[in-house]
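S.K.: Have a peek at target.pdb (PDB, C-alpha atoms and all ligand atoms).
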```pdb
ATOM      1  CA  MET N   1      12.437  30.360 -53.646
ATOM      2  CA  LYS N   2      10.459  33.619 -53.432
ATOM      3  CA  LYS N   3      10.860  35.797 -50.337
ATOM      4  CA  SER N   4       7.090  35.539 -49.585
ATOM      5  CA  HIS N   5       7.303  31.728 -49.689
ATOM      6  CA  ILE N   6      10.157  31.783 -47.184
ATOM      7  CA  VAL N   7       8.066  34.013 -44.854
ATOM      8  CA  ILE N   8       5.075  31.624 -45.105
ATOM      9  CA  LEU N   9       7.285  28.592 -44.495
ATOM     10  CA  LEU N  10       8.871  30.318 -41.499
ATOM     11  CA  ALA N  11       5.414  31.202 -40.076
ATOM     12  CA  VAL N  12       4.225  27.595 -40.523
ATOM     13  CA  PHE N  13       7.380  26.325 -38.837
ATOM     14  CA  ILE N  14       6.955  28.681 -35.836
ATOM     15  CA  ALA N  15       3.264  27.747 -35.482
ATOM     16  CA  LEU N  16       4.152  24.051 -35.578
ATOM     17  CA  ALA N  17       6.916  24.492 -33.009
ATOM     18  CA  LEU N  18       4.559  26.409 -30.700
ATOM     19  CA  THR N  19       1.865  23.729 -30.996
ATOM     20  CA  LEU N  20       4.351  20.936 -30.265
ATOM     21  CA  SER N  21       5.838  22.792 -27.277
ATOM     22  CA  THR N  22       2.315  23.271 -25.844
ATOM     23  CA  ILE N  23       1.509  19.576 -26.278
ATOM     24  CA  PHE N  24       4.744  18.326 -24.746
ATOM     25  CA  SER N  25       5.297  21.035 -22.140
ATOM     26  CA  PRO N  26       5.631  19.564 -18.612
ATOM     27  CA  GLN N  27       4.182  22.829 -17.238
ATOM     28  CA  LYS N  28       0.846  22.241 -18.934
ATOM     29  CA  THR N  29       0.545  18.693 -17.640
ATOM     30  CA  THR N  30       1.337  19.685 -14.058
ATOM     31  CA  GLU N  31      -0.988  22.699 -14.161
ATOM     32  CA  GLU N  32      -3.846  20.423 -15.140
ATOM     33  CA  ILE N  33      -3.327  18.477 -11.931
ATOM     34  CA  THR N  34      -4.677  20.793  -9.291
ATOM     35  CA  ASP N  35      -6.720  18.896  -6.737
ATOM     36  CA  LEU N  36      -4.112  16.834  -4.912
ATOM     37  CA  LYS N  37      -6.662  15.721  -2.331
ATOM     38  CA  ASP N  38      -7.544  13.192  -5.004
ATOM     39  CA  SER N  39      -4.745  10.757  -4.257
ATOM     40  CA  ARG N  40      -4.689   9.395  -7.819
ATOM     41  CA  LYS N  41      -3.851  12.888  -9.052
ATOM     42  CA  LEU N  42      -1.258  13.249  -6.308
ATOM     43  CA  LYS N  43       0.357   9.975  -7.356
ATOM     44  CA  GLU N  44       0.271  11.041 -11.011
ATOM     45  CA  LYS N  45       1.979  14.348 -10.212
ATOM     46  CA  PHE N  46       4.509  12.670  -7.912
ATOM     47  CA  LEU N  47       5.479  10.132 -10.589
ATOM     48  CA  PHE N  48       5.536  12.836 -13.281
ATOM     49  CA  LEU N  49       7.925  15.021 -11.267
ATOM     50  CA  TYR N  50      10.069  11.993 -10.414
ATOM     51  CA  GLU N  51      10.511  11.317 -14.142
ATOM     52  CA  ASN N  52      10.877  14.914 -15.314
ATOM     53  CA  ASP N  53      12.336  17.058 -12.505
ATOM     54  CA  ALA N  54      15.922  16.132 -11.601
ATOM     55  CA  GLU N  55      15.862  17.979  -8.252
ATOM     56  CA  PHE N  56      12.589  16.288  -7.230
ATOM     57  CA  LYS N  57      14.037  12.870  -8.116
ATOM     58  CA  ARG N  58      17.261  13.604  -6.199
ATOM     59  CA  SER N  59      15.230  14.634  -3.128
ATOM     60  CA  VAL N  60      13.032  11.505  -3.204
ATOM     61  CA  ASP N  61      16.067   9.239  -3.786
ATOM     62  CA  ARG N  62      18.059  10.859  -0.967
ATOM     63  CA  LEU N  63      15.095  10.696   1.428
ATOM     64  CA  ARG N  64      14.648   7.005   0.584
ATOM     65  CA  GLU N  65      18.377   6.500   1.209
ATOM     66  CA  LEU N  66      18.055   8.154   4.641
ATOM     67  CA  LEU N  67      15.209   5.759   5.417
ATOM     68  CA  PHE N  68      16.458   2.546   3.845
ATOM     69  CA  ASN N  69      20.187   2.766   4.565
ATOM     70  CA  THR N  70      19.650   1.417   8.065
ATOM     71  CA  LEU N  71      23.394   0.961   8.597
ATOM     72  CA  GLU N  72      23.541   4.724   9.149
ATOM     73  CA  GLU N  73      21.659   6.719  11.746
ATOM     74  CA  TYR N  74      18.444   8.394  10.540
ATOM     75  CA  ASN N  75      18.959  12.149  10.148
ATOM     76  CA  LYS N  76      15.549  13.592  10.944
ATOM     77  CA  THR N  77      16.428  17.219  10.146
ATOM     78  CA  GLU N  78      17.754  16.330   6.690
ATOM     79  CA  ALA N  79      14.683  14.126   6.123
ATOM     80  CA  TRP N  80      12.416  17.060   7.076
ATOM     81  CA  ILE N  81      14.243  19.474   4.686
ATOM     82  CA  LEU N  82      13.947  16.976   1.826
ATOM     83  CA  PHE N  83      10.282  16.253   2.600
ATOM     84  CA  ASN N  84       9.521  20.001   2.491
ATOM     85  CA  LEU N  85      11.314  20.307  -0.849
ATOM     86  CA  ILE N  86       9.132  17.477  -2.184
ATOM     87  CA  LEU N  87       5.957  19.114  -0.800
ATOM     88  CA  LYS N  88       6.944  22.461  -2.336
ATOM     89  CA  LYS N  89       7.596  20.923  -5.777
ATOM     90  CA  LEU N  90       4.156  19.294  -5.571
ATOM     91  CA  GLY N  91       2.656  22.740  -4.866
ATOM     92  CA  LEU N  92       1.794  21.864  -1.253
ATOM     93  CA  PRO N  93       2.493  23.891   1.909
ATOM     94  CA  GLU N  94       5.675  23.051   3.816
ATOM     95  CA  ILE N  95       5.520  21.786   7.407
ATOM     96  CA  GLU N  96       7.255  22.732  10.655
ATOM     97  CA  LEU N  97       9.921  20.448  12.098
ATOM     98  CA  GLU N  98       7.773  19.684  15.163
ATOM     99  CA  ASP N  99       4.980  18.457  12.876
ATOM    100  CA  PHE N 100       7.357  16.150  10.992
ATOM    101  CA  ARG N 101       6.843  12.844  12.807
ATOM    102  CA  TYR N 102       7.914  10.455  10.103
ATOM    103  CA  GLY N 103      10.748   7.981  10.550
ATOM    104  CA  ARG N 104      11.822   4.458   9.706
ATOM    105  CA  GLY N 105       8.770   2.786  11.254
ATOM    106  CA  GLY N 106       9.242  -0.981  11.265
ATOM    107  CA  LEU N 107      12.396  -0.998   9.087
ATOM    108  CA  VAL N 108      15.232  -3.093  10.499
ATOM    109  CA  PRO N 109      18.579  -4.168   9.001
ATOM    110  CA  SER N 110      18.568  -7.761   7.835
ATOM    111  CA  PRO N 111      21.679  -8.726   5.920
ATOM    112  CA  GLU N 112      20.991 -12.465   5.386
ATOM    113  CA  PRO N 113      20.088 -13.552   1.856
ATOM    114  CA  PRO N 114      16.319 -13.829   1.192
ATOM    115  CA  SER N 115      14.734 -17.186   1.929
ATOM    116  CA  LYS N 116      13.259 -18.914  -1.090
ATOM    117  CA  LEU N 117       9.468 -18.851  -0.967
ATOM    118  CA  LYS N 118       7.452 -21.970  -1.652
ATOM    119  CA  PRO N 119       4.657 -21.542  -4.191
ATOM    120  CA  CYS N 120       1.073 -21.177  -2.950
ATOM    121  CA  CYS N 121      -1.086 -24.279  -3.096
ATOM    122  CA  GLU N 122      -3.460 -23.308  -5.924
ATOM    123  CA  ASN N 123      -6.414 -25.662  -5.573
ATOM    124  CA  CYS N 124      -6.243 -26.374  -1.841
ATOM    125  CA  VAL N 125      -9.352 -24.428  -0.816
ATOM    126  CA  ASP N 126     -12.557 -22.898  -2.114
ATOM    127  CA  LEU N 127     -12.268 -19.324  -0.853
ATOM    128  CA  GLU N 128     -15.937 -18.514  -1.542
ATOM    129  CA  GLY N 129     -16.909 -21.095   1.078
ATOM    130  CA  ILE N 130     -14.547 -19.516   3.637
ATOM    131  CA  ILE N 131     -14.983 -15.753   3.192
ATOM    132  CA  ASP N 132     -18.561 -14.603   2.741
ATOM    133  CA  SER N 133     -17.864 -10.881   2.528
ATOM    134  CA  ILE N 134     -15.648  -7.992   3.541
ATOM    135  CA  VAL N 135     -17.559  -5.060   4.992
ATOM    136  CA  ILE N 136     -16.334  -1.468   5.004
ATOM    137  CA  PRO N 137     -17.943   1.795   6.211
ATOM    138  CA  SER N 138     -19.653   3.328   3.133
ATOM    139  CA  LYS N 139     -17.959   6.646   3.863
ATOM    140  CA  ASP N 140     -14.535   5.056   3.358
ATOM    141  CA  LEU N 141     -15.593   3.731  -0.033
ATOM    142  CA  GLU N 142     -17.137   7.088  -1.023
ATOM    143  CA  ASP N 143     -13.869   8.817  -0.059
ATOM    144  CA  GLY N 144     -11.964   6.645  -2.559
ATOM    145  CA  ASN N 145     -10.558   4.035  -0.162
ATOM    146  CA  GLY N 146     -12.518   1.010  -1.332
ATOM    147  CA  LEU N 147     -11.299  -2.573  -1.582
ATOM    148  CA  GLU N 148      -9.623  -3.172  -4.924
ATOM    149  CA  ALA N 149      -8.050  -6.635  -4.798
ATOM    150  CA  LEU N 150      -7.508  -9.702  -2.625
ATOM    151  CA  TYR N 151      -4.472 -12.003  -2.726
ATOM    152  CA  VAL N 152      -4.687 -15.445  -1.182
ATOM    153  CA  CYS N 153      -1.926 -17.984  -0.599
ATOM    154  CA  ALA N 154      -2.684 -21.425   0.833
ATOM    155  CA  TYR N 155       0.062 -23.261   2.745
ATOM    156  CA  LYS N 156      -0.092 -27.035   3.124
ATOM    157  CA  GLY N 157       2.489 -29.225   4.910
ATOM    158  CA  ASP N 158       4.782 -26.323   5.737
ATOM    159  CA  PHE N 159       4.315 -22.715   6.785
ATOM    160  CA  TYR N 160       7.580 -20.731   6.580
ATOM    161  CA  GLY N 161       9.527 -23.682   8.007
ATOM    162  CA  TYR N 162       6.883 -24.579  10.645
ATOM    163  CA  PRO N 163       5.585 -28.084   9.909
ATOM    164  CA  LEU N 164       1.818 -28.136   9.350
ATOM    165  CA  SER N 165       0.019 -31.340  10.100
ATOM    166  CA  GLY N 166      -3.699 -31.663   9.361
ATOM    167  CA  LYS N 167      -4.025 -27.915   8.784
ATOM    168  CA  ILE N 168      -4.072 -25.476   5.917
ATOM    169  CA  ILE N 169      -3.139 -21.855   6.529
ATOM    170  CA  LEU N 170      -4.399 -19.097   4.261
ATOM    171  CA  GLU N 171      -2.526 -15.825   4.018
ATOM    172  CA  VAL N 172      -5.059 -13.227   2.888
ATOM    173  CA  THR N 173      -3.901  -9.820   1.678
ATOM    174  CA  LEU N 174      -6.328  -6.965   1.023
ATOM    175  CA  VAL N 175      -5.528  -4.004  -1.240
ATOM    176  CA  PHE N 176      -7.465  -0.766  -0.657
ATOM    177  CA  SER N 177      -7.298   2.076  -3.210
ATOM    178  CA  ASP N 178      -6.014   4.532  -0.561
ATOM    179  CA  GLU N 179      -6.087   5.220   3.182
ATOM    180  CA  ASP N 180      -7.230   8.579   4.575
ATOM    181  CA  SER N 181      -5.741   9.911   7.778
ATOM    182  CA  PRO N 182      -8.220  12.200   9.568
ATOM    183  CA  SER N 183      -5.413  14.757  10.020
ATOM    184  CA  ARG N 184      -3.026  16.006   7.297
ATOM    185  CA  ASP N 185      -4.004  13.326   4.779
ATOM    186  CA  VAL N 186      -2.305  14.872   1.731
ATOM    187  CA  GLU N 187       1.054  15.029   3.556
ATOM    188  CA  TYR N 188       0.472  11.501   4.829
ATOM    189  CA  ASP N 189      -0.100  10.310   1.241
ATOM    190  CA  VAL N 190       3.079  12.076   0.035
ATOM    191  CA  TRP N 191       4.999  10.352   2.827
ATOM    192  CA  ARG N 192       3.575   6.957   1.860
ATOM    193  CA  LEU N 193       4.556   7.585  -1.784
ATOM    194  CA  VAL N 194       8.148   8.130  -0.607
ATOM    195  CA  ALA N 195       8.404   5.473   2.109
ATOM    196  CA  TRP N 196       6.096   2.802   0.673
ATOM    197  CA  GLY N 197       6.214   3.706  -3.029
ATOM    198  CA  ARG N 198       2.445   3.453  -3.318
ATOM    199  CA  ILE N 199      -0.831   5.214  -2.549
ATOM    200  CA  GLU N 200      -2.761   1.963  -2.031
ATOM    201  CA  ASP N 201      -3.080   0.511   1.463
ATOM    202  CA  ILE N 202      -2.225  -3.175   1.925
ATOM    203  CA  GLU N 203      -3.185  -5.400   4.906
ATOM    204  CA  THR N 204      -2.559  -9.087   5.574
ATOM    205  CA  PHE N 205      -4.165 -11.616   7.942
ATOM    206  CA  PHE N 206      -4.290 -15.400   8.345
ATOM    207  CA  ILE N 207      -6.974 -18.106   8.449
ATOM    208  CA  VAL N 208      -6.144 -21.516   9.913
ATOM    209  CA  MET N 209      -8.282 -24.425   8.655
ATOM    210  CA  ASN N 210      -8.694 -28.074   9.450
ATOM    211  CA  GLU N 211      -7.452 -29.865   6.347
ATOM    212  CA  GLU N 212      -9.843 -32.792   6.669
ATOM    213  CA  THR N 213     -13.094 -31.034   7.599
ATOM    214  CA  GLY N 214     -12.395 -27.703   5.905
ATOM    215  CA  LYS N 215     -13.584 -26.002   9.093
ATOM    216  CA  VAL N 216     -12.112 -22.627  10.050
ATOM    217  CA  GLU N 217     -10.219 -23.067  13.338
ATOM    218  CA  LYS N 218      -8.696 -19.661  13.808
ATOM    219  CA  ILE N 219      -8.540 -16.179  12.294
ATOM    220  CA  SER N 220      -5.369 -14.372  13.205
ATOM    221  CA  PHE N 221      -4.707 -10.691  12.688
ATOM    222  CA  ARG N 222      -0.992 -11.112  13.219
ATOM    223  CA  GLY N 223       1.904  -9.317  11.540
ATOM    224  CA  LEU N 224       4.668 -10.532   9.242
ATOM    225  CA  THR N 225       7.951  -9.288   7.767
ATOM    226  CA  ILE N 226       8.727  -8.435   4.156
ATOM    227  CA  ARG N 227      12.257  -8.104   2.796
ATOM    228  CA  MET N 228      13.284  -5.231   0.528
ATOM    229  CA  LYS N 229      14.893  -6.245  -2.766
ATOM    230  CA  ASP N 230      17.312  -3.336  -3.200
ATOM    231  CA  TRP N 231      18.193  -2.661   0.456
ATOM    232  CA  PRO N 232      19.414  -5.079   3.175
ATOM    233  CA  ASN N 233      16.292  -4.460   5.271
ATOM    234  CA  GLU N 234      13.097  -6.053   6.295
ATOM    235  CA  ARG N 235       9.894  -4.265   7.197
ATOM    236  CA  ARG N 236       8.043  -5.507  10.236
ATOM    237  CA  ILE N 237       4.383  -5.290   9.366
ATOM    238  CA  SER N 238       2.361  -4.760  12.549
ATOM    239  CA  PRO N 239      -0.655  -6.906  13.427
ATOM    240  CA  ILE N 240      -3.820  -5.488  11.881
ATOM    241  CA  GLY N 241      -6.572  -6.346  14.380
ATOM    242  CA  SER N 242      -8.884  -3.473  15.260
ATOM    243  CA  GLY N 243      -9.528  -4.451  18.891
ATOM    244  CA  GLY N 244     -12.357  -2.163  20.060
ATOM    245  CA  ALA N 245     -11.350   0.779  17.840
ATOM    246  CA  SER N 246     -13.943   2.450  15.625
ATOM    247  CA  TYR N 247     -13.730   4.333  12.331
ATOM    248  CA  THR N 248     -12.311   7.628  13.671
ATOM    249  CA  SER N 249      -9.299   5.798  15.183
ATOM    250  CA  ALA N 250      -6.312   3.871  13.902
ATOM    251  CA  ALA N 251      -5.410   0.455  15.348
ATOM    252  CA  HIS N 252      -2.740  -2.234  15.103
ATOM    253  CA  LYS N 253      -3.820  -4.894  17.606
ATOM    254  CA  LEU N 254      -2.880  -8.531  17.709
ATOM    255  CA  LEU N 255      -6.307 -10.111  17.533
ATOM    256  CA  ILE N 256      -7.092 -13.819  17.316
ATOM    257  CA  PHE N 257     -10.498 -15.486  16.954
ATOM    258  CA  GLU N 258     -10.736 -19.201  17.686
ATOM    259  CA  ASP N 259     -13.485 -21.059  15.805
ATOM    260  CA  GLY N 260     -14.802 -18.578  13.277
ATOM    261  CA  ASP N 261     -18.288 -19.855  12.523
ATOM    262  CA  GLY N 262     -19.430 -20.458   8.956
ATOM    263  CA  PRO N 263     -18.327 -18.331   6.010
ATOM    264  CA  LEU N 264     -16.561 -15.353   7.538
ATOM    265  CA  VAL N 265     -17.657 -11.731   7.458
ATOM    266  CA  ILE N 266     -14.577  -9.540   7.897
ATOM    267  CA  TYR N 267     -15.174  -5.990   9.127
ATOM    268  CA  VAL N 268     -12.933  -3.054   8.263
ATOM    269  CA  ASN N 269     -13.335  -1.070  11.485
ATOM    270  CA  THR N 270     -10.901   1.861  11.379
ATOM    271  CA  TRP N 271      -9.667   4.457   8.879
ATOM    272  CA  ASN N 272      -6.314   2.635   8.679
ATOM    273  CA  HIS N 273      -8.215  -0.540   7.719
ATOM    274  CA  ALA N 274      -7.732  -2.524  10.921
ATOM    275  CA  LEU N 275      -9.881  -5.676  10.843
ATOM    276  CA  SER N 276     -12.071  -7.859  13.023
ATOM    277  CA  LEU N 277     -14.921 -10.368  12.934
ATOM    278  CA  ASN N 278     -16.860  -7.857  15.064
ATOM    279  CA  ASP N 279     -18.501  -4.721  13.708
ATOM    280  CA  ASN N 280     -17.254  -1.821  15.849
ATOM    281  CA  ASN N 281     -19.298   0.770  13.923
ATOM    282  CA  ILE N 282     -22.841  -0.514  14.288
ATOM    283  CA  PHE N 283     -24.334   2.927  13.581
ATOM    284  CA  LEU N 284     -22.364   3.581  10.386
ATOM    285  CA  GLU N 285     -23.731   2.685   6.956
ATOM    286  CA  LYS N 286     -21.700  -0.135   5.385
ATOM    287  CA  HIS N 287     -20.764  -1.475   1.999
ATOM    288  CA  SER N 288     -20.351  -5.208   1.643
ATOM    289  CA  TYR N 289     -17.928  -6.764  -0.881
ATOM    290  CA  ARG N 290     -18.425 -10.298  -2.121
ATOM    291  CA  LEU N 291     -15.383 -11.990  -3.664
ATOM    292  CA  GLY N 292     -16.930 -11.591  -7.121
ATOM    293  CA  ASP N 293     -16.821  -7.777  -6.713
ATOM    294  CA  ILE N 294     -13.017  -7.572  -6.473
ATOM    295  CA  LYS N 295      -9.943  -8.917  -8.261
ATOM    296  CA  VAL N 296      -8.874 -12.154  -6.544
ATOM    297  CA  HIS N 297      -5.288 -13.327  -7.162
ATOM    298  CA  VAL N 298      -3.309 -16.305  -5.930
ATOM    299  CA  GLY N 299      -0.367 -14.662  -4.199
ATOM    300  CA  LYS N 300       1.444 -13.555  -1.070
ATOM    301  CA  ARG N 301       1.901 -10.176   0.596
ATOM    302  CA  VAL N 302       5.068  -9.512  -1.442
ATOM    303  CA  ASP N 303       3.159 -10.192  -4.679
ATOM    304  CA  ALA N 304       0.624  -7.512  -3.735
ATOM    305  CA  GLU N 305       3.440  -5.103  -2.771
ATOM    306  CA  ASN N 306       5.341  -5.757  -6.003
ATOM    307  CA  ASP N 307       2.169  -5.229  -8.071
ATOM    308  CA  TYR N 308       1.260  -1.908  -6.446
ATOM    309  CA  SER N 309       4.512  -0.341  -5.175
ATOM    310  CA  VAL N 310       7.456   1.184  -7.055
ATOM    311  CA  LEU N 311       9.628  -0.287  -4.261
ATOM    312  CA  LYS N 312      10.329  -4.002  -4.697
ATOM    313  CA  TYR N 313      10.433  -6.933  -2.253
ATOM    314  CA  SER N 314      12.253 -10.241  -2.585
ATOM    315  CA  SER N 315      10.891 -12.366   0.241
ATOM    316  CA  GLN N 316       8.780 -12.512   3.372
ATOM    317  CA  ASN N 317       8.626 -14.323   6.697
ATOM    318  CA  VAL N 318       6.631 -14.814   9.892
ATOM    319  CA  GLN N 319       7.825 -14.973  13.494
ATOM    320  CA  SER N 320       5.394 -17.672  14.602
ATOM    321  CA  LEU N 321       2.436 -19.754  13.512
ATOM    322  CA  PRO N 322      -0.781 -17.705  13.284
TER     323      PRO N 322
HETATM  324 CA    CA E 401      -5.110   9.344   1.562
HETATM  325 CA    CA E 402      -3.617   0.509   6.600
END
```
In C-alpha cells, write the structure found in this file.
M.R.:
Amino acid sequence: MKKSHIVILLAVFIALALTLSTIFSPQKTTEEITDLKDSRKLKEKFLFLYENDAEFKRSVDRLRELLFNTLEEYNKTEAWILFNLILKKLGLPEIELEDFRYGRGGLVPSPEPPSKLKPCCENCVDLEGIIDSIVIPSKDLEDGNGLEALYVCAYKGDFYGYPLSGKIILEVTLVFSDEDSPSRDVEYDVWRLVAWGRIEDIETFFIVMNEETGKVEKISFRGLTIRMKDWPNERRISPIGSGGASYTSAAHKLLIFEDGDGPLVIYVNTWNHALSLNDNNIFLEKHSYRLGDIKVHVGKRVDAENDYSVLKYSSQNVQSLP
C-alpha cells in the first residue's frame, strides 16, 4: 500500500473516530440540557447521570439507603452532604445545612410480608356518571403540572378486609405531570426524584357509593399506606383534603363530604394538589378536565406508583373505611 494511501486512510479513521466520539459523548448530551426548571429536563439529566456517572449513582443509592433503611437512625448530615453532591453534579447550587429540611417523611418500618391485593372490580361502575370533571387553576396547568392520568379501582364485598355490604368504594388516584413548590422548586424536584423516584405528583381519594341506587354517599380525602417492594417499609400517605387552603398554600387535611350531589366536580385547590368539592380559588382562572381528556386506567395507587416511579411497591393498605 502506498504511503499516501495510508495517510488518507489514517485521516479518514481519525475523522470517523472524532465524529463517533461527538455523537456518543456524555458531555454533549448533558450540555444540551440546560434549563433544569423544566422538570422533564431535570428528570432526563438525573436519569442520565444515574446511568453514566458512577459517583452520582453511588450518592443517590446511599442517600436512598439512609432514607429507606429504617432499621438504622437517619443521619441528616450525611444525607445533606450526599444531596449537595447530587445537586452539584446536576449543575445546581448547593444548599446550607439549615436549609436542608428533608427527612424520612411518612416512612415507617413494616417487616410483615405484603398482603395480597384483590383485583379491582372492572365493570362495577360507570365513572363518567360519577365524576363530571376535575378542575385545576389554569396557572398550574400552564406551569407544566397538569393532570395526566386517573386510576380507578372499585371494591365490592370487601375493602382491605373490611366487609362491605350494599356499598361500592372507589379508590381514585390522580397523576399530575409535576408539582411546583413556591420556594426552591428545583431542589424540591431533585429531592422527589431521590425519595419518590419520580417527578410526577400522585394523589388518592375515595368515593363511597350505594350499590343499589348508584348514589354517591361520601367523598373521603383520607390517606392510605403503600408498601415498598425492595425495603421493609411502608409509606404513610397523608390525607389530601385542601380544607380552606388556596393555591399559594400546601394542605394535607382529612376532609369528608357526606352526600356529594350529582356527578362530582373535584377542585384542585393548592399547589401540592390538595382536593375538595369546594372551589377555594374563586378568583383564579381554571381549566376543567373531563374524563375523556386524560388517560383512565383500572388500577390502585400502587399501580400508578409502579407506572411512574423508578421505586417499586408491592402492596397497599388502609387504616379504616373511608
Ligand atoms: Ca416542580
Ligand atoms: Ca402533591
S.K.: As lines of an AutoDock Vina configuration file, please report the centre and edge lengths, rounded to one decimal in Å, of the axis-aligned box that holds all listed atoms of region 181-193 of chain N with 5 Å of padding on each of the six sides.
M.R.:
```
center_x = -1.6
center_y = 11.5
center_z = 4.1
size_x = 23.2
size_y = 19.0
size_z = 21.8
```
S.K.: Counting only C-alpha atoms, note down every residue that has an atom within 10 Å of the point (8.9, -2.9, 10.6) (file coordinates), as a compact mmCIF listing (two decimals) with C-alpha atoms, keeping the file's coordinate frame.
M.R.:
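Listed below is the output, point24.txt:
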```txt
# COMPACT_ATOMS: atom_id res chain seq x y z
CA ARG N 104 11.82 4.46 9.71
CA GLY N 105 8.77 2.79 11.25
CA GLY N 106 9.24 -0.98 11.26
CA LEU N 107 12.40 -1.00 9.09
CA VAL N 108 15.23 -3.09 10.50
CA PRO N 109 18.58 -4.17 9.00
CA GLY N 223 1.90 -9.32 11.54
CA LEU N 224 4.67 -10.53 9.24
CA THR N 225 7.95 -9.29 7.77
CA ILE N 226 8.73 -8.44 4.16
CA ARG N 227 12.26 -8.10 2.80
CA ASN N 233 16.29 -4.46 5.27
CA GLU N 234 13.10 -6.05 6.30
CA ARG N 235 9.89 -4.26 7.20
CA ARG N 236 8.04 -5.51 10.24
CA ILE N 237 4.38 -5.29 9.37
CA SER N 238 2.36 -4.76 12.55
```
S.K.: Using only C-alpha atoms and all ligand atoms, can you tell me which of N:Ser249, N:Thr77, N:Ser115, N:Asn272 comes closest to ligand CA 401 (chain E)?
M.R.: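 Counting only C-alpha atoms and all ligand atoms, the residue closest to ligand CA 401 (chain E) is N:Asn272.
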S.K.: Name every residue that the PyMOL selection byres (((chain N and resi 300) around 12) and not hetatm) selects in this structure, writing the answer as a tab-separated table (two decimals) with C-alpha atoms, in the frame of the given file with chains first and numbers rising.
M.R.:
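Generated file (part.tsv):
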```tsv
chain	number	residue	atom	x	y	z
N	117	LEU	CA	9.47	-18.85	-0.97
N	118	LYS	CA	7.45	-21.97	-1.65
N	119	PRO	CA	4.66	-21.54	-4.19
N	120	CYS	CA	1.07	-21.18	-2.95
N	121	CYS	CA	-1.09	-24.28	-3.10
N	122	GLU	CA	-3.46	-23.31	-5.92
N	150	LEU	CA	-7.51	-9.70	-2.62
N	151	TYR	CA	-4.47	-12.00	-2.73
N	152	VAL	CA	-4.69	-15.44	-1.18
N	153	CYS	CA	-1.93	-17.98	-0.60
N	154	ALA	CA	-2.68	-21.42	0.83
N	155	TYR	CA	0.06	-23.26	2.74
N	170	LEU	CA	-4.40	-19.10	4.26
N	171	GLU	CA	-2.53	-15.82	4.02
N	172	VAL	CA	-5.06	-13.23	2.89
N	173	THR	CA	-3.90	-9.82	1.68
N	174	LEU	CA	-6.33	-6.96	1.02
N	175	VAL	CA	-5.53	-4.00	-1.24
N	202	ILE	CA	-2.22	-3.18	1.92
N	203	GLU	CA	-3.18	-5.40	4.91
N	204	THR	CA	-2.56	-9.09	5.57
N	205	PHE	CA	-4.16	-11.62	7.94
N	206	PHE	CA	-4.29	-15.40	8.35
N	224	LEU	CA	4.67	-10.53	9.24
N	225	THR	CA	7.95	-9.29	7.77
N	226	ILE	CA	8.73	-8.44	4.16
N	296	VAL	CA	-8.87	-12.15	-6.54
N	297	HIS	CA	-5.29	-13.33	-7.16
N	298	VAL	CA	-3.31	-16.30	-5.93
N	299	GLY	CA	-0.37	-14.66	-4.20
N	301	ARG	CA	1.90	-10.18	0.60
N	302	VAL	CA	5.07	-9.51	-1.44
N	303	ASP	CA	3.16	-10.19	-4.68
N	304	ALA	CA	0.62	-7.51	-3.74
N	305	GLU	CA	3.44	-5.10	-2.77
N	306	ASN	CA	5.34	-5.76	-6.00
N	307	ASP	CA	2.17	-5.23	-8.07
N	313	TYR	CA	10.43	-6.93	-2.25
N	314	SER	CA	12.25	-10.24	-2.58
N	315	SER	CA	10.89	-12.37	0.24
N	316	GLN	CA	8.78	-12.51	3.37
N	317	ASN	CA	8.63	-14.32	6.70
```
S.K.: Please list, as number ranges by chain, the residues that have an atom at most 10 Å away from (12.3, 16.4, -6.6) in the coordinates of this file, counting all atoms listed in the file.
M.R.: N: 46, 49-62, 82-83, 85-90
S.K.: Which residues fall under the PyMOL selection byres (((chain N and resi 182) around 9) and not hetatm) in this file, as a VMD selection string?
M.R.: chain N and resid 180 to 181 183 to 185 248 to 249 271
S.K.: Please produce a file of the residues just selected, as a PDB file, in the coordinates of the input, where the atoms kept are C-alpha atoms.
M.R.:
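Contents of selection-v4.pdb, freshly written:
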```
ATOM      1  CA  ASP N 180      -7.230   8.579   4.575  1.00  0.00           C
ATOM      2  CA  SER N 181      -5.741   9.911   7.778  1.00  0.00           C
ATOM      3  CA  SER N 183      -5.413  14.757  10.020  1.00  0.00           C
ATOM      4  CA  ARG N 184      -3.026  16.006   7.297  1.00  0.00           C
ATOM      5  CA  ASP N 185      -4.004  13.326   4.779  1.00  0.00           C
ATOM      6  CA  THR N 248     -12.311   7.628  13.671  1.00  0.00           C
ATOM      7  CA  SER N 249      -9.299   5.798  15.183  1.00  0.00           C
ATOM      8  CA  TRP N 271      -9.667   4.457   8.879  1.00  0.00           C
TER       9      TRP N 271
END
```
S.K.: Run the PyMOL selection byres (((not hetatm)) within 9 of (chain E and resi 402)) on the file and write out the hits as a short mmCIF file (atom, residue, chain, number, x, y, z; two decimals) with C-alpha atoms, in the frame of the given file.
M.R.:
```
data_model
loop_
_atom_site.label_atom_id
_atom_site.label_comp_id
_atom_site.auth_asym_id
_atom_site.auth_seq_id
_atom_site.Cartn_x
_atom_site.Cartn_y
_atom_site.Cartn_z
CA PHE N 176 -7.46 -0.77 -0.66
CA ASP N 178 -6.01 4.53 -0.56
CA GLU N 179 -6.09 5.22 3.18
CA GLU N 200 -2.76 1.96 -2.03
CA ASP N 201 -3.08 0.51 1.46
CA ILE N 202 -2.22 -3.18 1.92
CA GLU N 203 -3.18 -5.40 4.91
CA ILE N 240 -3.82 -5.49 11.88
CA ALA N 250 -6.31 3.87 13.90
CA ALA N 251 -5.41 0.46 15.35
CA HIS N 252 -2.74 -2.23 15.10
CA THR N 270 -10.90 1.86 11.38
CA TRP N 271 -9.67 4.46 8.88
CA ASN N 272 -6.31 2.64 8.68
CA HIS N 273 -8.22 -0.54 7.72
CA ALA N 274 -7.73 -2.52 10.92
#
```
S.K.: Between N:Tyr247, N:Ile168, N:Leu277, N:Leu264, which is the closest to Lys139 (chain N) once you count all atoms listed in the file?
M.R.: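 Using all atoms listed in the file, the shortest distance to Lys139 (chain N) belongs to N:Tyr247.
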S.K.: For a test of reading the model, state the distance in Å between CA of Asp99 (chain N) and CA of Phe48 (chain N), rounded to one decimal.
M.R.: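 CA of Phe48 (chain N) lies 26.8 Å from CA of Asp99 (chain N).
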S.K.: Could you check the closest approach to ligand CA 401 (chain E) for each of N:Trp231, N:Trp196, N:Tyr188, N:Phe283 and tell me which residue wins, using only C-alpha atoms and all ligand atoms?
M.R.: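 Nearest to ligand CA 401 (chain E): N:Tyr188.
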